>>> print(open('structure.pdb').read())   # PDB, C-alpha atoms and all ligand atoms
ATOM      1  CA  MET A  27      14.871  -7.229 -10.820
ATOM      2  CA  LYS A  28      15.492  -9.710  -8.052
ATOM      3  CA  SER A  29      13.756  -8.888  -4.828
ATOM      4  CA  TYR A  30      15.369  -8.416  -1.438
ATOM      5  CA  LEU A  31      12.022  -8.842   0.224
ATOM      6  CA  PRO A  32      12.116 -12.592   0.782
ATOM      7  CA  TYR A  33      15.554 -12.297   2.391
ATOM      8  CA  SER A  34      14.513  -9.297   4.454
ATOM      9  CA  LEU A  35      11.251 -10.836   5.503
ATOM     10  CA  CYS A  36      13.011 -14.057   6.443
ATOM     11  CA  LEU A  37      15.562 -12.150   8.475
ATOM     12  CA  GLY A  38      12.816 -10.101  10.014
ATOM     13  CA  LEU A  39      10.765 -13.134  10.930
ATOM     14  CA  CYS A  40      13.749 -14.732  12.640
ATOM     15  CA  LEU A  41      15.029 -11.678  14.474
ATOM     16  CA  ALA A  42      11.702 -10.313  15.539
ATOM     17  CA  ILE A  43      11.068 -13.381  17.626
ATOM     18  CA  LEU A  44      14.479 -13.503  19.147
ATOM     19  CA  LEU A  45      15.238  -9.981  20.259
ATOM     20  CA  PRO A  46      14.059  -8.523  23.550
ATOM     21  CA  HIS A  47      11.851  -5.424  23.478
ATOM     22  CA  ARG A  48      14.098  -2.420  23.611
ATOM     23  CA  LEU A  49      16.182  -3.937  20.858
ATOM     24  CA  THR A  50      13.321  -3.883  18.371
ATOM     25  CA  GLY A  51      11.024  -1.190  16.975
ATOM     26  CA  TRP A  52       8.216  -2.529  15.013
ATOM     27  CA  GLY A  53       9.363  -6.097  14.630
ATOM     28  CA  PHE A  54      12.041  -6.366  11.960
ATOM     29  CA  PHE A  55       9.521  -8.038   9.673
ATOM     30  CA  ALA A  56       7.149  -5.083   9.924
ATOM     31  CA  HIS A  57       9.887  -2.491   9.349
ATOM     32  CA  THR A  58      10.898  -4.111   6.080
ATOM     33  CA  LEU A  59       7.298  -4.417   4.956
ATOM     34  CA  ILE A  60       6.578  -0.761   5.804
ATOM     35  CA  HIS A  61       9.496   0.517   3.710
ATOM     36  CA  HIS A  62       8.664  -1.761   0.814
ATOM     37  CA  GLN A  63       5.090  -0.476   0.740
ATOM     38  CA  ALA A  64       5.970   3.198   1.326
ATOM     39  CA  VAL A  65       7.870   3.348  -1.961
ATOM     40  CA  TYR A  66       4.628   2.706  -3.880
ATOM     41  CA  SER A  67       3.134   5.946  -2.504
ATOM     42  CA  LEU A  68       5.841   8.190  -3.942
ATOM     43  CA  PRO A  69       5.347  10.349  -7.045
ATOM     44  CA  PRO A  70       7.050   9.386 -10.328
ATOM     45  CA  GLU A  71       9.701  12.096  -9.858
ATOM     46  CA  MET A  72      10.883  10.325  -6.703
ATOM     47  CA  LEU A  73      10.442   6.794  -8.012
ATOM     48  CA  VAL A  74      13.280   7.613 -10.415
ATOM     49  CA  LEU A  75      15.587   6.949  -7.462
ATOM     50  CA  TYR A  76      13.433   5.091  -4.932
ATOM     51  CA  LYS A  77      12.108   2.306  -7.186
ATOM     52  CA  PRO A  78      15.522   1.025  -8.349
ATOM     53  CA  TYR A  79      16.596   1.127  -4.709
ATOM     54  CA  GLN A  80      13.414  -0.279  -3.198
ATOM     55  CA  GLU A  81      15.365  -3.395  -2.279
ATOM     56  CA  PHE A  82      18.016  -1.307  -0.567
ATOM     57  CA  LEU A  83      15.424   0.666   1.403
ATOM     58  CA  THR A  84      13.725  -2.567   2.442
ATOM     59  CA  ASP A  85      16.899  -4.327   3.471
ATOM     60  CA  HIS A  86      18.285  -1.311   5.330
ATOM     61  CA  ALA A  87      15.001  -0.545   7.105
ATOM     62  CA  ILE A  88      16.496  -2.323  10.110
ATOM     63  CA  ASP A  89      19.983  -0.774  10.085
ATOM     64  CA  ALA A  90      18.972   1.566  12.899
ATOM     65  CA  ASP A  91      18.038  -1.413  15.081
ATOM     66  CA  ARG A  92      21.236  -3.236  14.115
ATOM     67  CA  ARG A  93      23.288  -0.242  15.273
ATOM     68  CA  LYS A  94      21.945  -0.675  18.810
ATOM     69  CA  PHE A  95      24.174  -3.725  19.137
ATOM     70  CA  VAL A  96      27.228  -1.561  18.495
ATOM     71  CA  TYR A  97      26.528   1.980  19.649
ATOM     72  CA  PRO A  98      24.993   2.547  23.113
ATOM     73  CA  ALA A  99      23.867   6.036  22.017
ATOM     74  CA  GLU A 100      21.561   4.476  19.431
ATOM     75  CA  ALA A 101      19.057   2.835  21.806
ATOM     76  CA  PRO A 102      17.263   5.962  23.152
ATOM     77  CA  ARG A 103      16.667   7.159  19.581
ATOM     78  CA  HIS A 104      13.944   4.510  19.187
ATOM     79  CA  TYR A 105      11.509   5.432  21.962
ATOM     80  CA  PHE A 106      10.020   8.286  23.932
ATOM     81  CA  ASP A 107       8.555   7.418  27.320
ATOM     82  CA  ALA A 108       5.957  10.170  27.191
ATOM     83  CA  ASP A 109       4.623   9.406  30.673
ATOM     84  CA  LEU A 110       8.049   9.999  32.207
ATOM     85  CA  TYR A 111       8.375  13.447  30.668
ATOM     86  CA  ASP A 112       6.228  16.294  31.913
ATOM     87  CA  ALA A 113       3.713  16.586  29.059
ATOM     88  CA  HIS A 114       3.463  20.333  29.662
ATOM     89  CA  GLN A 115       7.110  20.633  28.677
ATOM     90  CA  TRP A 116       6.878  19.052  25.259
ATOM     91  CA  PRO A 117       6.918  19.418  22.352
ATOM     92  CA  CYS A 118      10.123  21.410  22.403
ATOM     93  CA  SER A 119      13.284  21.694  20.347
ATOM     94  CA  TRP A 120      16.328  19.504  20.928
ATOM     95  CA  THR A 121      18.223  22.533  22.238
ATOM     96  CA  GLU A 122      15.458  23.253  24.751
ATOM     97  CA  ALA A 123      15.274  19.585  25.699
ATOM     98  CA  GLN A 124      18.993  19.490  26.461
ATOM     99  CA  GLN A 125      18.635  22.568  28.674
ATOM    100  CA  ARG A 126      15.579  21.145  30.437
ATOM    101  CA  TRP A 127      16.664  17.564  31.159
ATOM    102  CA  PRO A 128      20.099  16.125  32.010
ATOM    103  CA  LYS A 129      21.641  13.686  29.556
ATOM    104  CA  ASN A 130      21.068  10.663  31.778
ATOM    105  CA  ILE A 131      17.321  11.428  31.877
ATOM    106  CA  LEU A 132      17.159  11.913  28.102
ATOM    107  CA  ASP A 133      19.041   8.640  27.592
ATOM    108  CA  LYS A 134      16.722   6.824  29.976
ATOM    109  CA  ASN A 135      13.403   8.273  28.786
ATOM    110  CA  GLY A 136      14.251   8.290  25.085
ATOM    111  CA  ILE A 137      14.866  10.919  22.418
ATOM    112  CA  LEU A 138      12.919   9.527  19.443
ATOM    113  CA  PRO A 139      11.213  12.740  18.200
ATOM    114  CA  TRP A 140      14.284  14.957  18.487
ATOM    115  CA  ASN A 141      16.566  12.472  16.776
ATOM    116  CA  THR A 142      13.998  11.846  14.045
ATOM    117  CA  MET A 143      13.801  15.541  13.163
ATOM    118  CA  GLN A 144      17.585  15.743  12.992
ATOM    119  CA  VAL A 145      17.624  12.876  10.499
ATOM    120  CA  TYR A 146      14.811  14.573   8.558
ATOM    121  CA  TYR A 147      16.853  17.793   8.175
ATOM    122  CA  GLN A 148      19.885  15.759   7.142
ATOM    123  CA  LEU A 149      17.756  14.156   4.434
ATOM    124  CA  VAL A 150      16.624  17.583   3.176
ATOM    125  CA  ASN A 151      20.291  18.585   2.907
ATOM    126  CA  ALA A 152      21.166  15.341   1.116
ATOM    127  CA  PHE A 153      18.445  16.081  -1.469
ATOM    128  CA  ARG A 154      19.822  19.607  -1.917
ATOM    129  CA  ALA A 155      23.287  18.186  -2.459
ATOM    130  CA  CYS A 156      21.890  15.513  -4.787
ATOM    131  CA  ASP A 157      23.910  12.970  -2.821
ATOM    132  CA  GLY A 158      22.308   9.655  -3.823
ATOM    133  CA  GLN A 159      24.115   7.568  -1.211
ATOM    134  CA  GLN A 160      23.121   9.856   1.641
ATOM    135  CA  ILE A 161      19.548  10.190   0.360
ATOM    136  CA  LEU A 162      19.124   6.424   0.465
ATOM    137  CA  LYS A 163      20.849   5.814   3.778
ATOM    138  CA  LEU A 164      19.021   8.676   5.494
ATOM    139  CA  SER A 165      15.682   7.663   3.948
ATOM    140  CA  ALA A 166      16.153   4.179   5.404
ATOM    141  CA  ASP A 167      16.915   5.593   8.864
ATOM    142  CA  LEU A 168      14.219   8.278   8.779
ATOM    143  CA  GLY A 169      11.619   5.692   7.745
ATOM    144  CA  HIS A 170      12.667   3.464  10.631
ATOM    145  CA  TYR A 171      12.316   6.191  13.262
ATOM    146  CA  ILE A 172       9.009   7.456  11.836
ATOM    147  CA  ALA A 173       7.622   3.911  11.950
ATOM    148  CA  ASP A 174       8.823   3.525  15.557
ATOM    149  CA  ALA A 175       6.981   6.733  16.454
ATOM    150  CA  CYS A 176       3.733   5.071  15.326
ATOM    151  CA  VAL A 177       4.093   2.186  17.816
ATOM    152  CA  PRO A 178       2.140   2.857  21.051
ATOM    153  CA  LEU A 179       4.475   0.915  23.312
ATOM    154  CA  HIS A 180       7.400   2.995  22.051
ATOM    155  CA  ALA A 181       5.814   5.988  23.768
ATOM    156  CA  SER A 182       5.320   4.449  27.197
ATOM    157  CA  SER A 183       7.584   3.425  30.069
ATOM    158  CA  ASN A 184       5.381   0.335  30.447
ATOM    159  CA  TYR A 185       6.789  -0.727  27.087
ATOM    160  CA  ASP A 186       6.274  -4.445  27.510
ATOM    161  CA  GLY A 187       3.460  -4.488  30.019
ATOM    162  CA  GLN A 188       6.173  -5.308  32.550
ATOM    163  CA  LEU A 189       4.766  -2.848  35.102
ATOM    164  CA  THR A 190       1.272  -4.347  34.989
ATOM    165  CA  GLY A 191       2.025  -8.067  34.877
ATOM    166  CA  GLN A 192       1.561  -8.269  31.099
ATOM    167  CA  LYS A 193       5.085  -9.004  29.966
ATOM    168  CA  GLY A 194       5.341 -10.009  26.323
ATOM    169  CA  THR A 195       2.731  -7.564  25.067
ATOM    170  CA  HIS A 196       5.321  -5.693  23.027
ATOM    171  CA  ALA A 197       6.289  -8.658  20.856
ATOM    172  CA  LEU A 198       2.670  -9.768  20.646
ATOM    173  CA  TRP A 199       1.579  -6.384  19.286
ATOM    174  CA  GLU A 200       4.441  -5.413  17.012
ATOM    175  CA  THR A 201       5.835  -8.775  15.957
ATOM    176  CA  TYR A 202       3.433 -11.707  16.179
ATOM    177  CA  ILE A 203       0.338  -9.906  14.894
ATOM    178  CA  PRO A 204       2.134  -8.301  11.894
ATOM    179  CA  GLU A 205       3.876 -11.566  11.039
ATOM    180  CA  ARG A 206       0.803 -13.734  11.144
ATOM    181  CA  LEU A 207      -2.018 -11.366  10.202
ATOM    182  CA  SER A 208      -0.448  -8.843   7.796
ATOM    183  CA  PRO A 209      -1.407 -10.951   4.729
ATOM    184  CA  GLN A 210      -4.973  -9.897   5.600
ATOM    185  CA  PHE A 211      -4.075  -6.204   5.989
ATOM    186  CA  LYS A 212      -4.855  -3.624   3.329
ATOM    187  CA  LEU A 213      -1.513  -1.890   2.958
ATOM    188  CA  TRP A 214      -2.070   0.420   0.005
ATOM    189  CA  VAL A 215      -2.373   3.854   1.630
ATOM    190  CA  GLY A 216      -2.643   6.142  -1.372
ATOM    191  CA  LYS A 217      -0.311   8.868  -2.568
ATOM    192  CA  ALA A 218       2.190  10.626  -0.338
ATOM    193  CA  THR A 219       1.101  14.080   0.791
ATOM    194  CA  PHE A 220       3.109  17.153   1.756
ATOM    195  CA  LEU A 221       3.430  17.901   5.475
ATOM    196  CA  PRO A 222       3.385  21.687   6.033
ATOM    197  CA  GLN A 223       4.853  21.237   9.540
ATOM    198  CA  PRO A 224       6.691  17.921   9.746
ATOM    199  CA  ASP A 225       7.812  18.521  13.332
ATOM    200  CA  ALA A 226       4.225  19.162  14.475
ATOM    201  CA  THR A 227       3.091  16.024  12.637
ATOM    202  CA  LEU A 228       5.768  13.944  14.330
ATOM    203  CA  TRP A 229       4.837  15.181  17.811
ATOM    204  CA  GLN A 230       1.199  14.448  17.038
ATOM    205  CA  LEU A 231       2.174  10.873  16.113
ATOM    206  CA  ILE A 232       3.990  10.559  19.431
ATOM    207  CA  ARG A 233       1.016  11.969  21.314
ATOM    208  CA  GLU A 234      -1.387   9.514  19.643
ATOM    209  CA  SER A 235       0.963   6.594  20.274
ATOM    210  CA  ALA A 236       1.249   7.522  23.955
ATOM    211  CA  GLN A 237      -2.524   7.685  24.283
ATOM    212  CA  ALA A 238      -2.988   4.336  22.520
ATOM    213  CA  ALA A 239      -0.489   2.524  24.795
ATOM    214  CA  ASP A 240      -3.087   2.291  27.542
ATOM    215  CA  THR A 241      -5.598   0.726  25.133
ATOM    216  CA  VAL A 242      -3.064  -1.894  24.020
ATOM    217  CA  LEU A 243      -2.615  -3.074  27.605
ATOM    218  CA  ARG A 244      -6.186  -2.660  28.814
ATOM    219  CA  VAL A 245      -7.661  -4.600  25.885
ATOM    220  CA  ARG A 246      -5.212  -7.425  26.400
ATOM    221  CA  ARG A 247      -6.124  -7.658  30.061
ATOM    222  CA  LEU A 248      -9.830  -7.869  29.176
ATOM    223  CA  LEU A 249      -9.183 -10.429  26.458
ATOM    224  CA  ASP A 250      -7.037 -12.632  28.689
ATOM    225  CA  ALA A 251      -9.778 -12.647  31.298
ATOM    226  CA  GLN A 252     -12.261 -14.225  28.920
ATOM    227  CA  PHE A 253     -10.273 -16.031  26.183
ATOM    228  CA  PRO A 254     -10.056 -19.805  26.878
ATOM    229  CA  ARG A 255      -6.549 -20.427  28.163
ATOM    230  CA  LYS A 256      -6.133 -23.740  26.351
ATOM    231  CA  LEU A 257      -6.951 -22.093  23.010
ATOM    232  CA  LYS A 258      -4.444 -19.288  23.463
ATOM    233  CA  ARG A 259      -1.461 -21.232  22.156
ATOM    234  CA  THR A 260      -1.048 -23.808  19.494
ATOM    235  CA  TYR A 261       1.483 -25.317  17.123
ATOM    236  CA  TYR A 262       1.760 -23.719  13.709
ATOM    237  CA  LEU A 263       3.935 -24.297  10.674
ATOM    238  CA  LYS A 264       6.685 -21.785  10.058
ATOM    239  CA  ASN A 265       9.645 -22.158   7.696
ATOM    240  CA  HIS A 266       8.847 -25.899   7.437
ATOM    241  CA  LYS A 267       8.929 -26.300  11.215
ATOM    242  CA  TRP A 268       6.199 -26.706  13.747
ATOM    243  CA  ILE A 269       6.438 -23.947  16.322
ATOM    244  CA  ARG A 270       4.448 -23.403  19.485
ATOM    245  CA  GLY A 271       3.104 -19.886  19.760
ATOM    246  CA  TYR A 272      -0.016 -17.789  19.959
ATOM    247  CA  SER A 273      -2.937 -19.299  18.104
ATOM    248  CA  THR A 274      -4.316 -17.436  15.121
ATOM    249  CA  ALA A 275      -7.664 -17.257  16.925
ATOM    250  CA  TYR A 276      -6.054 -15.432  19.859
ATOM    251  CA  LEU A 277      -4.143 -13.015  17.608
ATOM    252  CA  GLU A 278      -7.264 -12.255  15.607
ATOM    253  CA  ALA A 279      -9.350 -11.793  18.749
ATOM    254  CA  TYR A 280      -6.793  -9.336  20.164
ATOM    255  CA  GLU A 281      -6.538  -7.359  16.910
ATOM    256  CA  GLN A 282     -10.302  -7.258  16.589
ATOM    257  CA  ALA A 283     -10.772  -6.156  20.200
ATOM    258  CA  MET A 284      -8.358  -3.272  19.519
ATOM    259  CA  HIS A 285     -10.482  -2.331  16.508
ATOM    260  CA  HIS A 286      -7.657  -3.405  14.181
ATOM    261  CA  MET A 287      -5.141  -1.084  15.775
ATOM    262  CA  VAL A 288      -2.088  -2.939  14.483
ATOM    263  CA  GLU A 289      -3.337  -2.694  10.910
ATOM    264  CA  ARG A 290      -4.282   0.964  11.392
ATOM    265  CA  ARG A 291      -0.877   1.870  12.884
ATOM    266  CA  MET A 292       0.932  -0.096  10.195
ATOM    267  CA  ARG A 293      -1.002   1.754   7.492
ATOM    268  CA  LEU A 294      -0.220   5.009   9.305
ATOM    269  CA  SER A 295       3.471   4.085   9.398
ATOM    270  CA  ILE A 296       3.544   3.393   5.663
ATOM    271  CA  SER A 297       1.739   6.628   4.917
ATOM    272  CA  MET A 298       3.924   8.715   7.224
ATOM    273  CA  VAL A 299       7.191   7.235   5.997
ATOM    274  CA  ALA A 300       6.193   8.146   2.428
ATOM    275  CA  ASN A 301       4.968  11.597   3.546
ATOM    276  CA  PHE A 302       8.213  12.416   5.322
ATOM    277  CA  TRP A 303      10.353  11.263   2.387
ATOM    278  CA  TYR A 304       8.176  13.286   0.029
ATOM    279  CA  THR A 305       8.154  16.394   2.248
ATOM    280  CA  ALA A 306      11.958  16.318   2.563
ATOM    281  CA  TRP A 307      12.247  16.209  -1.220
ATOM    282  CA  VAL A 308       9.744  19.076  -1.712
ATOM    283  CA  ASN A 309      11.419  21.229   0.941
ATOM    284  CA  ALA A 310      14.765  20.653  -0.759
ATOM    285  CA  GLY A 311      13.308  22.265  -3.892
ATOM    286  CA  GLN A 312      12.183  19.090  -5.688
ATOM    287  CA  PRO A 313      15.596  18.308  -7.194
ATOM    288  CA  ASP A 314      15.737  16.228 -10.380
ATOM    289  CA  LEU A 315      16.616  12.794  -8.996
ATOM    290  CA  HIS A 316      17.855  11.632 -12.409
ATOM    291  CA  LYS A 317      20.951  13.624 -11.482
ATOM    292  CA  CYS A 318      21.370  11.724  -8.200
ATOM    293  CA  LEU A 319      21.341   8.239  -9.678
ATOM    294  CA  ASN A 320      25.087   7.781  -9.695
ATOM    295  CA  VAL A 321      25.036   5.907  -6.417
ATOM    296  CA  HIS A 322      28.218   4.238  -5.232
ATOM    297  CA  PHE A 323      28.465   3.116  -1.677
ATOM    298  CA  ASN A 324      32.063   3.287  -0.532
ATOM    299  CA  GLN A 325      34.151   0.658   1.181
ATOM    300  CA  ALA A 326      33.518   2.199   4.586
ATOM    301  CA  ASP A 327      29.763   1.708   4.071
ATOM    302  CA  SER A 328      30.242  -1.921   3.085
ATOM    303  CA  LEU A 329      32.522  -2.595   6.042
ATOM    304  CA  GLU A 330      30.047  -0.937   8.429
ATOM    305  CA  TRP A 331      27.127  -3.026   7.140
ATOM    306  CA  GLN A 332      29.204  -6.207   7.338
ATOM    307  CA  ARG A 333      30.211  -5.305  10.882
ATOM    308  CA  LEU A 334      26.630  -4.630  11.943
ATOM    309  CA  GLN A 335      25.428  -7.877  10.449
ATOM    310  CA  HIS A 336      28.275  -9.817  12.040
ATOM    311  CA  ILE A 337      27.678  -8.380  15.498
ATOM    312  CA  GLU A 338      23.933  -8.743  15.126
ATOM    313  CA  TRP A 339      24.414 -12.409  14.244
ATOM    314  CA  LYS A 340      26.653 -12.949  17.263
ATOM    315  CA  GLU A 341      24.286 -11.138  19.621
ATOM    316  CA  ARG A 342      21.318 -12.978  18.213
ATOM    317  CA  SER A 343      22.811 -16.388  18.889
ATOM    318  CA  GLU A 344      23.467 -15.355  22.494
ATOM    319  CA  ILE A 345      19.953 -14.208  23.288
ATOM    320  CA  ILE A 346      17.948 -16.944  21.659
ATOM    321  CA  SER A 347      15.300 -18.160  24.046
ATOM    322  CA  PRO A 348      12.317 -20.440  23.549
ATOM    323  CA  PHE A 349       8.860 -18.959  23.229
ATOM    324  CA  LYS A 350       7.427 -18.593  26.662
ATOM    325  CA  GLU A 351       4.880 -16.481  28.444
TER     326      GLU A 351
HETATM  327 ZN    ZN A 401      13.690   0.927  16.211
END
>>> encode(input="structure.pdb", output="structure tokens")
Amino acid sequence: MKSYLPYSLCLGLCLAILLPHRLTGWGFFAHTLIHHQAVYSLPPEMLVLYKPYQEFLTDHAIDADRRKFVYPAEAPRHYFDADLYDAHQWPCSWTEAQQRWPKNILDKNGILPWNTMQVYYQLVNAFRACDGQQILKLSADLGHYIADACVPLHASSNYDGQLTGQKGTHALWETYIPERLSPQFKLWVGKATFLPQPDATLWQLIRESAQAADTVLRVRRLLDAQFPRKLKRTYYLKNHKWIRGYSTAYLEAYEQAMHHMVERRMRLSISMVANFWYTAWVNAGQPDLHKCLNVHFNQADSLEWQRLQHIEWKERSEIISPFKE
């Protein structure tokens, strides 16, 4: 079977560098890698459907980010500025959240956990209906949002270090380190496990991410104070071109100083994506996925994906900027 991964990884590598923070989750490269790996943690009963469509799940891991170019309502689904919400008031249901905060506040501070649970319940229903198309599309979206929930800077209003004079930390953490160091990461996370309370698990992920955001920024500040400035950047070969960017030594020093946080959160993302897919299937009654294999995406799906890719391409060419920091 031909693999989508090289295409997806290539696309990810290009886009991750070019898009400003709130347009990306994990970098696109990392999202595709997370979905690709998560499939390997599923039980044989699920691999019946997920293995033949591993390429689809990998390629469409970034659909949710692509939609941000088209639908303004999509952007707040990818983050939750925990420090801007009163922590005593969450977790809470989406209904309670809508009663507690006006729409403009929810849009500004982000709605990641609430939206993610809605997509999770939609996936449970898709399994119950044995709707192969919906199972795959919703699995791709659910995986994306779960992975975003594992990123510390997606749970903080200081999402790029912009409030503390550390702009660029977001891309450094979620894009440059995964791109350059992930070949060294151990990404096999074991078998998917059932989540008795998926909503509680998701809020716990958010809580941990919010707490880790401070470490991400503090460690970088300490590192920058002692790492030799002239060794911070270098030229490296990428796609047959020499590019100026962070040196491998700097990336490794940062990852090591964070006690390998990027690797740990990437492993957590892979594990949680698989767990949520698995839990949705179990809670739907473990349907026989052999019966859901008749997957035919309709013309509307194809047109939507073409449209997203077209707009993404156009947007991308308009926001290209050289590496600088
Ligand atoms: Zn995202």
>>> residues_near_ligand(input="structure.pdb", ligand="ligand ZN 401 (chain A)", cutoff="10 Å", atoms="only C-alpha atoms and all ligand atoms", output="PyMOL selection string")
chain A and resi 47-54+57+87-94+100-105+138+167+169-175+177+180
>>> resolve_selection(input="structure.pdb", expression="the PyMOL selection byres (((chain A and resi 185) around 9) and not hetatm)", output="list in words")
His47, Arg48, Asp107, Pro178, Leu179, His180, Ala181, Ser182, Ser183, Asn184, Asp186, Gly187, Gln188, Leu189, Lys193, Thr195, His196 and Ala239 of chain A
>>> closest_residue(input="structure.pdb", among="A:Ala64, A:Val288, A:Ala226, A:Ala152", to="Thr201 (chain A)", atoms="all atoms listed in the file")
A:Val288
>>> closest_residue(input="structure.pdb", among="A:Leu257, A:Val74, A:Leu59, A:Ala251", to="Tyr276 (chain A)", atoms="all atoms listed in the file")
A:Leu257
>>> atom_distance(input="structure.pdb", atom1="CA of Ala166 (chain A)", atom2="CA of Leu329 (chain A)")
17.7 Å
>>> resolve_selection(input="structure.pdb", expression="the PyMOL selection byres (((chain A and resi 62) around 10) and not hetatm)", output="JSON, numbers by chain")
{"A": [30, 31, 56, 57, 58, 59, 60, 61, 63, 64, 65, 66, 77, 80, 81, 82, 83, 84, 85, 87, 296]}
>>> closest_residue(input="structure.pdb", among="A:Ala99, A:Cys156, A:Leu168, A:Ile203", to="Lys134 (chain A)", atoms="all atoms listed in the file")
A:Ala99
>>> closest_atom_pairs(input="structure.pdb", of="region 217-258 of chain A", to="region 108-129 of chain A", cutoff="12 Å", atoms="only C-alpha atoms", output="JSON lines")
{"residue": "A:Asp225", "atom": "CA", "partner": "A:Pro117", "partner_atom": "CA", "distance": 9.1}
{"residue": "A:Ala226", "atom": "CA", "partner": "A:Pro117", "partner_atom": "CA", "distance": 8.3}
{"residue": "A:Thr227", "atom": "CA", "partner": "A:Pro117", "partner_atom": "CA", "distance": 11.0}
{"residue": "A:Leu228", "atom": "CA", "partner": "A:Pro117", "partner_atom": "CA", "distance": 9.8}
{"residue": "A:Trp229", "atom": "CA", "partner": "A:Pro117", "partner_atom": "CA", "distance": 6.6}
{"residue": "A:Gln230", "atom": "CA", "partner": "A:Pro117", "partner_atom": "CA", "distance": 9.3}
{"residue": "A:Leu231", "atom": "CA", "partner": "A:Pro117", "partner_atom": "CA", "distance": 11.6}
{"residue": "A:Ile232", "atom": "CA", "partner": "A:Ala108", "partner_atom": "CA", "distance": 8.0}
{"residue": "A:Arg233", "atom": "CA", "partner": "A:Ala108", "partner_atom": "CA", "distance": 7.9}
{"residue": "A:Glu234", "atom": "CA", "partner": "A:Ala108", "partner_atom": "CA", "distance": 10.6}
{"residue": "A:Ser235", "atom": "CA", "partner": "A:Ala108", "partner_atom": "CA", "distance": 9.3}
{"residue": "A:Ala236", "atom": "CA", "partner": "A:Ala108", "partner_atom": "CA", "distance": 6.3}
{"residue": "A:Gln237", "atom": "CA", "partner": "A:Ala108", "partner_atom": "CA", "distance": 9.3}
{"residue": "A:Ala238", "atom": "CA", "partner": "A:Ala108", "partner_atom": "CA", "distance": 11.7}
{"residue": "A:Ala239", "atom": "CA", "partner": "A:Ala108", "partner_atom": "CA", "distance": 10.3}
{"residue": "A:Asp240", "atom": "CA", "partner": "A:Asp109", "partner_atom": "CA", "distance": 10.9}
>>> atom_distance(input="structure.pdb", atom1="CA of Phe95 (chain A)", atom2="CA of Met287 (chain A)")
29.6 Å
>>> atom_distance(input="structure.pdb", atom1="CA of Leu132 (chain A)", atom2="CA of Val245 (chain A)")
29.9 Å
>>> closest_residue(input="structure.pdb", among="A:Val308, A:Met284, A:Leu294, A:Val242", to="Leu213 (chain A)", atoms="only C-alpha atoms")
A:Leu294
>>> residues_around(input="structure.pdb", residues="Phe153 (chain A)", least_positions_apart="3", cutoff="9 Å", atoms="only C-alpha atoms", output="MDAnalysis selection string")
chainID A and resid 148:150 156:158 160:161 306:307 310:313 315 318
>>> axis_aligned_box(input="structure.pdb", around="region 61-79 of chain A", padding_each_side="5 Å", output="JSON")
{"center_x": 9.9, "center_y": 5.2, "center_z": -3.4, "size_x": 23.5, "size_y": 23.9, "size_z": 24.1}
>>> residues_around(input="structure.pdb", residues="Phe220 (chain A)", least_positions_apart="4", cutoff="9 Å", atoms="all atoms listed in the file", output="PyMOL selection string")
chain A and resi 224+301-302+304-306+308
>>> write_last_selection(input="structure.pdb", atoms="C-alpha atoms", output="CSV table (one decimal), in the frame of the given file")
chain,number,residue,atom,x,y,z
A,224,PRO,CA,6.7,17.9,9.7
A,301,ASN,CA,5.0,11.6,3.5
A,302,PHE,CA,8.2,12.4,5.3
A,304,TYR,CA,8.2,13.3,0.0
A,305,THR,CA,8.2,16.4,2.2
A,306,ALA,CA,12.0,16.3,2.6
A,308,VAL,CA,9.7,19.1,-1.7
>>> closest_residue(input="structure.pdb", among="A:Ala279, A:Cys176, A:Leu198, A:Leu207", to="Val299 (chain A)", atoms="only C-alpha atoms")
A:Cys176
>>> closest_residue(input="structure.pdb", among="A:Pro70, A:Gly194, A:Pro78, A:Gly216", to="Tyr272 (chain A)", atoms="only C-alpha atoms")
A:Gly194
>>> decode(input="structure.pdb", residues="region 70-81 of chain A", atoms="C-alpha atoms", output="JSON list (two decimals), in the first residue's frame")
[["chain", "number", "residue", "atom", "x", "y", "z"],
["A", 70, "PRO", "CA", -7.30, -5.85, 15.81],
["A", 71, "GLU", "CA", -11.08, -5.31, 15.81],
["A", 72, "MET", "CA", -10.51, -1.62, 15.09],
["A", 73, "LEU", "CA", -7.58, -2.10, 12.74],
["A", 74, "VAL", "CA", -10.09, -3.71, 10.37],
["A", 75, "LEU", "CA", -11.09, -0.15, 9.47],
["A", 76, "TYR", "CA", -8.26, 2.03, 10.78],
["A", 77, "LYS", "CA", -5.31, 0.24, 9.14],
["A", 78, "PRO", "CA", -6.61, 0.46, 5.55],
["A", 79, "TYR", "CA", -7.37, 4.11, 6.24],
["A", 80, "GLN", "CA", -4.20, 4.94, 8.15],
["A", 81, "GLU", "CA", -3.15, 7.12, 5.23]]
